[in-house]
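Chemist: Got a structure for you, start.tsv, holding TSV, C-alpha atoms.
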```tsv
chain	number	residue	atom	x	y	z
A	1	MET	CA	10.33	-10.92	-33.60
A	2	ARG	CA	9.36	-7.28	-34.15
A	3	ALA	CA	6.37	-7.67	-31.83
A	4	ALA	CA	8.61	-9.07	-29.07
A	5	TRP	CA	10.97	-6.09	-29.35
A	6	MET	CA	8.01	-3.70	-29.25
A	7	THR	CA	6.79	-5.44	-26.11
A	8	ALA	CA	10.22	-4.98	-24.53
A	9	LEU	CA	10.16	-1.27	-25.48
A	10	LEU	CA	6.74	-0.78	-23.90
A	11	TRP	CA	7.97	-2.60	-20.79
A	12	PHE	CA	10.95	-0.25	-20.65
A	13	LEU	CA	8.57	2.72	-20.89
A	14	PHE	CA	6.33	1.43	-18.09
A	15	GLY	CA	9.10	0.13	-15.82
A	16	GLY	CA	11.42	3.07	-16.51
A	17	THR	CA	8.87	5.73	-15.63
A	18	HIS	CA	7.72	3.67	-12.65
A	19	VAL	CA	11.24	3.59	-11.17
A	20	LEU	CA	12.33	7.05	-12.32
A	21	LEU	CA	9.39	8.83	-10.72
A	22	SER	CA	9.96	6.99	-7.43
A	23	MET	CA	13.64	7.97	-7.22
A	24	ARG	CA	14.42	10.37	-4.42
A	25	ALA	CA	15.48	13.46	-6.43
A	26	PRO	CA	12.65	13.60	-9.02
A	27	ARG	CA	10.11	12.51	-6.42
A	28	LYS	CA	11.20	15.30	-4.06
A	29	ARG	CA	10.90	17.94	-6.79
A	30	LEU	CA	7.50	16.73	-7.91
A	31	VAL	CA	6.17	16.50	-4.35
A	32	ALA	CA	7.33	20.07	-3.73
A	33	ARG	CA	5.40	21.22	-6.79
A	34	LEU	CA	2.33	18.97	-6.66
A	35	GLY	CA	2.09	18.01	-3.01
A	36	GLU	CA	2.12	14.41	-1.78
A	37	THR	CA	-1.41	13.66	-2.97
A	38	GLY	CA	-0.83	15.36	-6.32
A	39	PHE	CA	2.38	13.45	-6.86
A	40	ILE	CA	0.71	10.09	-6.14
A	41	ALA	CA	-2.10	10.97	-8.56
A	42	PHE	CA	0.41	11.94	-11.28
A	43	TYR	CA	2.54	8.87	-10.61
A	44	SER	CA	-0.51	6.61	-10.82
A	45	ALA	CA	-1.77	8.24	-14.03
A	46	VAL	CA	1.59	7.72	-15.76
A	47	ALA	CA	1.75	4.13	-14.52
A	48	LEU	CA	-1.79	3.39	-15.71
A	49	ALA	CA	-1.26	4.94	-19.15
A	50	THR	CA	2.00	3.11	-19.84
A	51	PHE	CA	0.73	-0.18	-18.40
A	52	ALA	CA	-2.45	0.05	-20.47
A	53	ALA	CA	-0.40	0.58	-23.64
A	54	LEU	CA	1.73	-2.47	-22.81
A	55	VAL	CA	-1.19	-4.77	-22.01
A	56	HIS	CA	-3.23	-3.65	-25.03
A	57	TYR	CA	-0.30	-4.32	-27.37
A	58	VAL	CA	0.33	-7.76	-25.88
A	59	ALA	CA	-3.38	-8.60	-26.11
A	60	LEU	CA	-3.28	-7.90	-29.85
A	61	HIS	CA	0.08	-9.55	-30.65
A	62	ARG	CA	0.63	-12.28	-28.03
A	63	PHE	CA	0.34	-15.17	-30.50
A	64	GLU	CA	2.74	-13.73	-33.08
A	65	GLY	CA	6.14	-15.24	-33.81
A	66	PRO	CA	7.42	-18.80	-33.92
A	67	LYS	CA	6.58	-21.23	-31.15
A	68	GLY	CA	9.42	-21.93	-28.75
A	69	TRP	CA	10.29	-24.86	-26.53
A	70	LEU	CA	8.17	-27.89	-25.74
A	71	LEU	CA	8.41	-27.73	-21.93
A	72	PRO	CA	4.78	-26.60	-21.49
A	73	THR	CA	3.61	-29.64	-23.46
A	74	ILE	CA	4.85	-32.04	-20.75
A	75	PRO	CA	1.80	-32.53	-18.45
A	76	PRO	CA	3.63	-33.03	-15.10
A	77	VAL	CA	5.85	-30.01	-15.76
A	78	SER	CA	3.07	-27.73	-16.94
A	79	GLY	CA	0.89	-28.86	-14.04
A	80	ALA	CA	3.60	-28.04	-11.50
A	81	LEU	CA	4.19	-24.63	-13.09
A	82	ILE	CA	0.47	-23.85	-12.97
A	83	VAL	CA	0.43	-24.65	-9.24
A	84	VAL	CA	3.45	-22.39	-8.69
A	85	SER	CA	1.80	-19.59	-10.64
A	86	VAL	CA	-1.40	-19.91	-8.57
A	87	LEU	CA	0.60	-19.77	-5.33
A	88	GLY	CA	2.52	-16.74	-6.58
A	89	LEU	CA	-0.67	-14.91	-7.53
A	90	THR	CA	-2.19	-15.85	-4.16
A	91	LEU	CA	0.78	-14.24	-2.38
A	92	PHE	CA	0.53	-11.15	-4.60
A	93	ILE	CA	-3.20	-10.67	-3.93
A	94	ALA	CA	-2.74	-11.23	-0.19
A	95	GLY	CA	0.07	-8.68	-0.23
A	96	GLU	CA	-2.16	-6.13	-1.97
A	97	LEU	CA	-4.94	-6.72	0.55
A	98	LEU	CA	-2.46	-6.10	3.37
A	99	TYR	CA	-0.52	-3.32	1.61
A	100	THR	CA	-1.43	-0.62	4.13
A	101	GLN	CA	0.18	-2.66	6.92
A	102	LEU	CA	3.58	-2.74	5.21
A	103	PRO	CA	6.37	-0.25	6.00
A	104	MET	CA	6.56	0.81	2.35
A	105	ALA	CA	2.90	1.84	2.06
A	106	VAL	CA	2.50	5.32	0.60
A	107	PHE	CA	1.30	8.20	2.81
A	108	GLY	CA	3.17	7.23	5.94
A	109	HIS	CA	6.24	5.00	5.81
A	110	ARG	CA	6.93	3.43	9.15
A	111	SER	CA	9.04	0.63	10.54
A	112	VAL	CA	7.24	-2.13	12.39
A	113	ARG	CA	8.01	-5.52	13.87
A	114	PRO	CA	7.53	-8.10	11.13
A	115	ARG	CA	4.09	-9.58	11.58
A	116	GLY	CA	2.02	-12.03	9.59
A	117	ILE	CA	2.83	-11.98	5.91
A	118	GLN	CA	5.99	-9.92	6.56
A	119	GLN	CA	7.45	-12.97	8.29
A	120	VAL	CA	7.07	-14.82	4.99
A	121	THR	CA	8.44	-11.99	2.80
A	122	ARG	CA	8.83	-8.24	3.28
A	123	HIS	CA	7.70	-7.69	-0.31
A	124	PRO	CA	4.64	-9.96	-0.76
A	125	GLY	CA	3.45	-8.05	-3.81
A	126	PHE	CA	6.79	-8.07	-5.62
A	127	ALA	CA	7.69	-11.61	-4.55
A	128	GLY	CA	4.28	-12.96	-5.52
A	129	ILE	CA	4.32	-11.34	-8.94
A	130	ALA	CA	7.89	-12.57	-9.56
A	131	ILE	CA	6.88	-16.17	-8.78
A	132	TRP	CA	3.71	-15.92	-10.85
A	133	ALA	CA	5.49	-14.35	-13.82
A	134	GLY	CA	8.47	-16.69	-13.57
A	135	ALA	CA	6.17	-19.69	-13.88
A	136	HIS	CA	4.46	-18.07	-16.86
A	137	CYS	CA	7.82	-17.47	-18.53
A	138	LEU	CA	8.42	-21.22	-18.49
A	139	LEU	CA	4.89	-21.85	-19.74
A	140	SER	CA	5.11	-19.34	-22.61
A	141	VAL	CA	5.63	-20.66	-26.12
A	142	HIS	CA	5.40	-17.36	-28.04
A	143	PRO	CA	8.08	-14.60	-27.94
A	144	VAL	CA	5.66	-11.78	-27.06
A	145	SER	CA	4.20	-13.64	-24.09
A	146	PHE	CA	7.67	-14.64	-22.89
A	147	VAL	CA	8.95	-11.05	-22.99
A	148	PHE	CA	5.76	-9.83	-21.32
A	149	PHE	CA	6.24	-12.11	-18.31
A	150	VAL	CA	10.01	-11.61	-18.12
A	151	GLY	CA	9.25	-7.93	-17.71
A	152	PHE	CA	7.25	-8.64	-14.56
A	153	VAL	CA	10.12	-10.64	-13.07
A	154	VAL	CA	12.65	-7.87	-13.78
A	155	LEU	CA	10.33	-5.15	-12.46
A	156	ALA	CA	9.64	-7.10	-9.28
A	157	LEU	CA	13.34	-7.70	-8.55
A	158	LEU	CA	14.50	-4.17	-9.39
A	159	GLY	CA	11.46	-2.59	-7.76
A	160	SER	CA	12.03	-4.37	-4.45
A	161	LEU	CA	15.74	-3.46	-4.42
A	162	HIS	CA	15.00	0.16	-5.25
A	163	GLN	CA	12.30	0.36	-2.60
A	164	ASP	CA	14.57	-1.11	0.07
A	165	ARG	CA	17.39	1.31	-0.74
A	166	ARG	CA	15.09	4.33	-0.76
A	167	LEU	CA	13.46	3.43	2.55
A	168	MET	CA	16.80	2.72	4.20
A	169	LYS	CA	17.82	6.27	3.29
A	170	GLU	CA	14.52	7.77	4.41
A	171	MET	CA	13.98	5.77	7.60
A	172	GLY	CA	17.54	4.91	8.55
A	173	ALA	CA	18.40	2.27	11.14
A	174	PRO	CA	14.84	1.03	11.84
A	175	TYR	CA	14.33	-0.04	8.25
A	176	ARG	CA	17.84	-1.49	7.96
A	177	GLU	CA	17.03	-3.63	10.99
A	178	TYR	CA	13.75	-4.63	9.37
A	179	VAL	CA	15.56	-5.71	6.18
A	180	ALA	CA	18.13	-7.65	8.22
A	181	VAL	CA	15.49	-9.93	9.78
A	182	THR	CA	13.23	-10.36	6.74
A	183	SER	CA	13.69	-11.60	3.18
A	184	PHE	CA	12.45	-11.00	-0.35
A	185	LEU	CA	12.25	-14.71	-1.19
A	186	PRO	CA	9.36	-16.31	0.71
A	187	PHE	CA	10.45	-18.19	3.86
A	188	LEU	CA	14.17	-17.55	3.28
A	189	ALA	CA	14.55	-15.51	6.49
A	190	VAL	CA	12.69	-18.26	8.38
A	191	LEU	CA	14.99	-20.96	6.99
A	192	ARG	CA	18.03	-18.88	7.91
A	193	GLY	CA	16.78	-18.49	11.47
A	194	LYS	CA	16.44	-14.70	11.19
A	195	GLN	CA	12.67	-14.76	11.43
A	196	LYS	CA	10.09	-16.88	13.20
A	197	LEU	CA	6.89	-17.88	11.45
A	198	ARG	CA	4.08	-17.24	13.93
A	199	LEU	CA	1.03	-19.09	12.68
A	200	ARG	CA	-1.37	-17.17	14.91
A	201	GLU	CA	-0.26	-13.91	13.34
A	202	GLN	CA	-0.73	-15.08	9.76
A	203	PRO	CA	-3.54	-13.37	7.79
A	204	TRP	CA	-5.30	-16.57	6.81
A	205	TRP	CA	-8.31	-14.60	5.56
A	206	ALA	CA	-6.07	-12.78	3.04
A	207	TYR	CA	-4.43	-16.03	1.93
A	208	GLY	CA	-7.89	-17.57	1.52
A	209	LEU	CA	-9.22	-14.66	-0.54
A	210	GLY	CA	-6.03	-14.63	-2.59
A	211	LEU	CA	-6.31	-18.34	-3.34
A	212	ALA	CA	-10.00	-18.05	-4.22
A	213	ALA	CA	-9.32	-15.13	-6.57
A	214	SER	CA	-6.37	-16.96	-8.13
A	215	LEU	CA	-8.43	-20.08	-8.81
A	216	ALA	CA	-11.26	-17.96	-10.24
A	217	LEU	CA	-8.82	-16.20	-12.56
A	218	ARG	CA	-7.45	-19.59	-13.57
A	219	LYS	CA	-10.96	-20.58	-14.66
A	220	LEU	CA	-11.22	-17.38	-16.70
A	221	HIS	CA	-7.67	-17.67	-18.03
A	222	ALA	CA	-8.66	-17.94	-21.69
A	223	HIS	CA	-10.62	-14.67	-21.53
A	224	ILE	CA	-8.28	-12.46	-19.50
A	225	PHE	CA	-6.96	-10.67	-22.59
A	226	ASP	CA	-10.42	-10.18	-24.14
A	227	PHE	CA	-11.37	-6.69	-25.36
A	228	GLY	CA	-7.75	-5.70	-25.86
A	229	GLY	CA	-6.72	-6.51	-22.29
A	230	LEU	CA	-9.46	-4.32	-20.78
A	231	TRP	CA	-10.01	-6.60	-17.76
A	232	ILE	CA	-6.32	-6.51	-16.80
A	233	ILE	CA	-6.17	-2.73	-17.23
A	234	LEU	CA	-9.31	-2.21	-15.13
A	235	GLY	CA	-7.99	-4.55	-12.45
A	236	PHE	CA	-4.73	-2.61	-12.30
A	237	ALA	CA	-6.57	0.71	-12.08
A	238	VAL	CA	-9.04	-0.37	-9.41
A	239	GLY	CA	-6.36	-2.07	-7.33
A	240	SER	CA	-4.15	1.02	-7.41
A	241	VAL	CA	-6.97	3.35	-6.38
A	242	VAL	CA	-8.12	1.11	-3.53
A	243	ALA	CA	-4.56	0.73	-2.22
A	244	MET	CA	-3.97	4.50	-2.28
A	245	LEU	CA	-7.27	5.34	-0.59
A	246	ASN	CA	-6.71	2.75	2.13
A	247	SER	CA	-3.14	3.90	2.70
A	248	ARG	CA	-4.21	7.55	2.85
A	249	SER	CA	-6.94	6.73	5.33
A	250	ARG	CA	-4.55	4.75	7.55
A	251	ALA	CA	-2.00	7.57	7.44
A	252	LYS	CA	-4.58	10.15	8.56
A	253	HIS	CA	-5.55	7.98	11.49
A	254	ARG	CA	-1.89	7.70	12.53
A	255	ASP	CA	-1.31	11.46	12.36
A	256	PRO	CA	-1.20	13.09	15.84
```
How would this structure read if it were set down as structure tokens?

Modeler:
Amino acid sequence: MRAAWMTALLWFLFGGTHVLLSMRAPRKRLVARLGETGFIAFYSAVALATFAALVHYVALHRFEGPKGWLLPTIPPVSGALIVVSVLGLTLFIAGELLYTQLPMAVFGHRSVRPRGIQQVTRHPGFAGIAIWAGAHCLLSVHPVSFVFFVGFVVLALLGSLHQDRRLMKEMGAPYREYVAVTSFLPFLAVLRGKQKLRLREQPWWAYGLGLAASLALRKLHAHIFDFGGLWIILGFAVGSVVAMLNSRSRAKHRDP
């Protein structure tokens, strides 16, 4: 169980620094010293370093410890969980592709009328990763893997709550109104009658790319942790850089 506790510690290091650096007081001080661009670069470097340490450790120790429950050995159950995980990853990837259109995008927070994927969930990235990781928790039979995926669920839930609270303070009434008519859980606001799902506004291209990427990753599932988790680390790094550059570019175009 030592490896599972070490995994939890590395998760605390990654998640703790991720949340701490995004809190209003430390963020304000760092932005004053480094500038907005410098802060984002520092924030991303810390996130990448701590995430890389976590993934590399899990890649080396994920099969250690006693095997747990037998739920993943039941074909209908494991099959259903795999479908759920693919759908969750599809939502996450679509959310990342559309990140610059969300109110919480870096370099220019703004409140907008919920459109497209925001009608499904206001946090497509967090919600998608929570669904994907939750399914993997139920599929995990080793302690290290279970803790690894539980960490994603906790980070997604706490990260979305923290982000909402921070933006409500920064943006005031417009973002509070946005939160009131949207939901974290996919389709919950639609089911409650607070939001209308407009099919013509949905980013079907992003859903399609997300599904294609998810199915491709499913095919490569056995090799994702090869080379000490290098592919996951590189994917995290490239995705972060692309999101920041796109967000920065959009913000410049919005500046008067």

Chemist: A:Ser44, A:Trp132, A:Pro75, A:Phe39: which is nearest Pro26 of chain A, counting all atoms listed in the file?

Modeler: A:Phe39

Chemist: Compute the distance from (4.8, -4.7, -6.5) to each atom, counting all atoms listed in the file, keep the residues with any atom at most 12 Å away, and return them as a ChimeraX atom specification; use the coordinates of the file.

Modeler: /A:15,18-19,89,91-96,99,102,104-105,122-131,152-163,184,236,239-240,243

Chemist: Can you pull out the residues contacting Ala135 of chain A? Cut-off 9 Å, using all atoms listed in the file, and skip same-chain residues under 6 positions away; I want them as a ChimeraX atom specification.

Modeler: /A:81-85,88,149

Chemist: Residues near Tyr178 of chain A, anyone? I mean within 9 Å using all atoms listed in the file, not counting same-chain ones fewer than 6 positions away, as a list in words.

Modeler: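 Non-adjacent residues within range: Ser111, Val112, Arg113, Pro114 and Arg122 of chain A.
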
Chemist: Ranking A:Leu209, A:Leu70, A:Ala173, A:Val31 by minimum distance to Leu98 of chain A and counting all atoms listed in the file, which one comes first?

Modeler: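 Closest candidate: A:Leu209.
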
Chemist: Under the rule that all atoms listed in the file are counted, which of A:Glu64, A:Asp226, A:Val86, A:Glu177 is the nearest residue to Gly134 of chain A?

Modeler: A:Val86

Chemist: To one decimal place in Å, what is the distance between atom CA of Ala212 of chain A and atom CA of Phe14 of chain A?

Modeler: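 So the answer is 29.0 Å.
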
Chemist: Considering all atoms listed in the file, state which residue in the set A:Leu10, A:Cys137, A:Ile40, A:Val179 is at the smallest distance from Ala52 of chain A.

Modeler: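 Closest residue, counting all atoms listed in the file: A:Leu10.
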
Chemist: With distances taken over only C-alpha atoms, which of A:Gln119, A:Arg165, A:Tyr207, A:Ala133 is nearest to Pro186 of chain A?

Modeler: A:Gln119

Chemist: Select, from A:Ser145, A:Ser214, A:Gln202, A:Thr121, the residue with the minimum atom-to-atom distance to Val190 of chain A, counting only C-alpha atoms.

Modeler: A:Thr121

Chemist: Quick one: pull the distance between atom CA of Val141 of chain A and atom CA of Gly68 of chain A, Å, one decimal.

Modeler: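 Atom CA of Gly68 of chain A lies at a distance of 4.8 Å from atom CA of Val141 of chain A.
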
Chemist: Given 8 Å on each side, where is the centre and what are the edge lengths in Å to one decimal of the axis-aligned box enclosing the listed atoms of segment 208-213 of chain A, as AutoDock Vina command-line options?

Modeler:
```
--center_x -8.0 --center_y -16.5 --center_z -2.5 --size_x 20.0 --size_y 19.7 --size_z 24.1
```

Chemist: Quick check, in Å to one decimal: how far apart do atom CA of Trp205 of chain A and atom CA of Arg218 of chain A lie?

Modeler: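 Result for atom CA of Trp205 of chain A versus atom CA of Arg218 of chain A: 19.8 Å, one decimal.
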
Chemist: Add whatever atoms are absent from segment 7-18 of chain A to reach all heavy atoms, and provide the output as a PDB file, in the frame of the given file.

Modeler:
```pdb
ATOM      1  N   THR A   7       7.232  -5.138 -27.478  1.00  0.00           N
ATOM      2  CA  THR A   7       6.790  -5.440 -26.110  1.00  0.00           C
ATOM      3  C   THR A   7       7.858  -5.047 -25.103  1.00  0.00           C
ATOM      4  O   THR A   7       7.553  -4.460 -24.050  1.00  0.00           O
ATOM      5  CB  THR A   7       6.478  -6.949 -25.978  1.00  0.00           C
ATOM      6  OG1 THR A   7       5.487  -7.315 -26.934  1.00  0.00           O
ATOM      7  CG2 THR A   7       5.974  -7.275 -24.576  1.00  0.00           C
ATOM      8  N   ALA A   8       9.117  -5.354 -25.427  1.00  0.00           N
ATOM      9  CA  ALA A   8      10.220  -4.980 -24.530  1.00  0.00           C
ATOM     10  C   ALA A   8      10.322  -3.455 -24.407  1.00  0.00           C
ATOM     11  O   ALA A   8      10.573  -2.930 -23.315  1.00  0.00           O
ATOM     12  CB  ALA A   8      11.537  -5.546 -25.073  1.00  0.00           C
ATOM     13  N   LEU A   9      10.102  -2.738 -25.509  1.00  0.00           N
ATOM     14  CA  LEU A   9      10.160  -1.270 -25.480  1.00  0.00           C
ATOM     15  C   LEU A   9       9.050  -0.699 -24.603  1.00  0.00           C
ATOM     16  O   LEU A   9       9.285   0.219 -23.797  1.00  0.00           O
ATOM     17  CB  LEU A   9      10.034  -0.729 -26.906  1.00  0.00           C
ATOM     18  CG  LEU A   9      10.047   0.806 -27.045  1.00  0.00           C
ATOM     19  CD1 LEU A   9      11.367   1.383 -26.540  1.00  0.00           C
ATOM     20  CD2 LEU A   9       9.814   1.202 -28.505  1.00  0.00           C
ATOM     21  N   LEU A  10       7.853  -1.246 -24.730  1.00  0.00           N
ATOM     22  CA  LEU A  10       6.740  -0.780 -23.900  1.00  0.00           C
ATOM     23  C   LEU A  10       6.979  -1.112 -22.429  1.00  0.00           C
ATOM     24  O   LEU A  10       6.601  -0.345 -21.534  1.00  0.00           O
ATOM     25  CB  LEU A  10       5.435  -1.403 -24.393  1.00  0.00           C
ATOM     26  CG  LEU A  10       4.931  -0.867 -25.740  1.00  0.00           C
ATOM     27  CD1 LEU A  10       3.770  -1.715 -26.245  1.00  0.00           C
ATOM     28  CD2 LEU A  10       4.512   0.600 -25.607  1.00  0.00           C
ATOM     29  N   TRP A  11       7.622  -2.250 -22.169  1.00  0.00           N
ATOM     30  CA  TRP A  11       7.970  -2.600 -20.790  1.00  0.00           C
ATOM     31  C   TRP A  11       8.983  -1.594 -20.241  1.00  0.00           C
ATOM     32  O   TRP A  11       8.890  -1.176 -19.087  1.00  0.00           O
ATOM     33  CB  TRP A  11       8.580  -4.008 -20.728  1.00  0.00           C
ATOM     34  CG  TRP A  11       7.706  -4.997 -20.037  1.00  0.00           C
ATOM     35  CD1 TRP A  11       7.193  -6.146 -20.563  1.00  0.00           C
ATOM     36  CD2 TRP A  11       7.222  -4.930 -18.697  1.00  0.00           C
ATOM     37  NE1 TRP A  11       6.429  -6.798 -19.632  1.00  0.00           N
ATOM     38  CE2 TRP A  11       6.437  -6.072 -18.471  1.00  0.00           C
ATOM     39  CE3 TRP A  11       7.370  -4.009 -17.666  1.00  0.00           C
ATOM     40  CZ2 TRP A  11       5.800  -6.325 -17.268  1.00  0.00           C
ATOM     41  CZ3 TRP A  11       6.742  -4.246 -16.452  1.00  0.00           C
ATOM     42  CH2 TRP A  11       5.969  -5.392 -16.262  1.00  0.00           C
ATOM     43  N   PHE A  12       9.955  -1.225 -21.070  1.00  0.00           N
ATOM     44  CA  PHE A  12      10.950  -0.250 -20.650  1.00  0.00           C
ATOM     45  C   PHE A  12      10.282   1.088 -20.333  1.00  0.00           C
ATOM     46  O   PHE A  12      10.651   1.764 -19.364  1.00  0.00           O
ATOM     47  CB  PHE A  12      12.003  -0.067 -21.747  1.00  0.00           C
ATOM     48  CG  PHE A  12      13.091   0.900 -21.391  1.00  0.00           C
ATOM     49  CD1 PHE A  12      14.131   0.517 -20.543  1.00  0.00           C
ATOM     50  CD2 PHE A  12      13.085   2.190 -21.889  1.00  0.00           C
ATOM     51  CE1 PHE A  12      15.132   1.417 -20.196  1.00  0.00           C
ATOM     52  CE2 PHE A  12      14.078   3.091 -21.556  1.00  0.00           C
ATOM     53  CZ  PHE A  12      15.111   2.703 -20.704  1.00  0.00           C
ATOM     54  N   LEU A  13       9.284   1.465 -21.129  1.00  0.00           N
ATOM     55  CA  LEU A  13       8.570   2.720 -20.890  1.00  0.00           C
ATOM     56  C   LEU A  13       7.808   2.665 -19.568  1.00  0.00           C
ATOM     57  O   LEU A  13       7.879   3.601 -18.763  1.00  0.00           O
ATOM     58  CB  LEU A  13       7.598   2.974 -22.052  1.00  0.00           C
ATOM     59  CG  LEU A  13       6.763   4.252 -21.982  1.00  0.00           C
ATOM     60  CD1 LEU A  13       7.675   5.473 -22.029  1.00  0.00           C
ATOM     61  CD2 LEU A  13       5.753   4.289 -23.124  1.00  0.00           C
ATOM     62  N   PHE A  14       7.088   1.562 -19.333  1.00  0.00           N
ATOM     63  CA  PHE A  14       6.330   1.430 -18.090  1.00  0.00           C
ATOM     64  C   PHE A  14       7.261   1.303 -16.883  1.00  0.00           C
ATOM     65  O   PHE A  14       7.153   2.053 -15.915  1.00  0.00           O
ATOM     66  CB  PHE A  14       5.416   0.201 -18.166  1.00  0.00           C
ATOM     67  CG  PHE A  14       4.802  -0.182 -16.840  1.00  0.00           C
ATOM     68  CD1 PHE A  14       3.911   0.666 -16.208  1.00  0.00           C
ATOM     69  CD2 PHE A  14       5.129  -1.389 -16.225  1.00  0.00           C
ATOM     70  CE1 PHE A  14       3.346   0.324 -14.979  1.00  0.00           C
ATOM     71  CE2 PHE A  14       4.577  -1.737 -15.008  1.00  0.00           C
ATOM     72  CZ  PHE A  14       3.676  -0.882 -14.381  1.00  0.00           C
ATOM     73  N   GLY A  15       8.194   0.361 -16.951  1.00  0.00           N
ATOM     74  CA  GLY A  15       9.100   0.130 -15.820  1.00  0.00           C
ATOM     75  C   GLY A  15      10.018   1.307 -15.578  1.00  0.00           C
ATOM     76  O   GLY A  15      10.282   1.680 -14.429  1.00  0.00           O
ATOM     77  N   GLY A  16      10.505   1.939 -16.671  1.00  0.00           N
ATOM     78  CA  GLY A  16      11.420   3.070 -16.510  1.00  0.00           C
ATOM     79  C   GLY A  16      10.769   4.248 -15.836  1.00  0.00           C
ATOM     80  O   GLY A  16      11.335   4.848 -14.908  1.00  0.00           O
ATOM     81  N   THR A  17       9.564   4.611 -16.273  1.00  0.00           N
ATOM     82  CA  THR A  17       8.870   5.730 -15.630  1.00  0.00           C
ATOM     83  C   THR A  17       8.464   5.383 -14.203  1.00  0.00           C
ATOM     84  O   THR A  17       8.485   6.234 -13.319  1.00  0.00           O
ATOM     85  CB  THR A  17       7.621   6.126 -16.438  1.00  0.00           C
ATOM     86  OG1 THR A  17       6.771   4.974 -16.605  1.00  0.00           O
ATOM     87  CG2 THR A  17       7.993   6.673 -17.800  1.00  0.00           C
ATOM     88  N   HIS A  18       8.129   4.120 -13.983  1.00  0.00           N
ATOM     89  CA  HIS A  18       7.720   3.670 -12.650  1.00  0.00           C
ATOM     90  C   HIS A  18       8.871   3.857 -11.647  1.00  0.00           C
ATOM     91  O   HIS A  18       8.668   4.353 -10.537  1.00  0.00           O
ATOM     92  CB  HIS A  18       7.328   2.195 -12.720  1.00  0.00           C
ATOM     93  CG  HIS A  18       6.415   1.759 -11.618  1.00  0.00           C
ATOM     94  ND1 HIS A  18       5.115   2.196 -11.516  1.00  0.00           N
ATOM     95  CD2 HIS A  18       6.620   0.929 -10.570  1.00  0.00           C
ATOM     96  CE1 HIS A  18       4.555   1.655 -10.444  1.00  0.00           C
ATOM     97  NE2 HIS A  18       5.442   0.874  -9.861  1.00  0.00           N
TER      98      HIS A  18
END
```
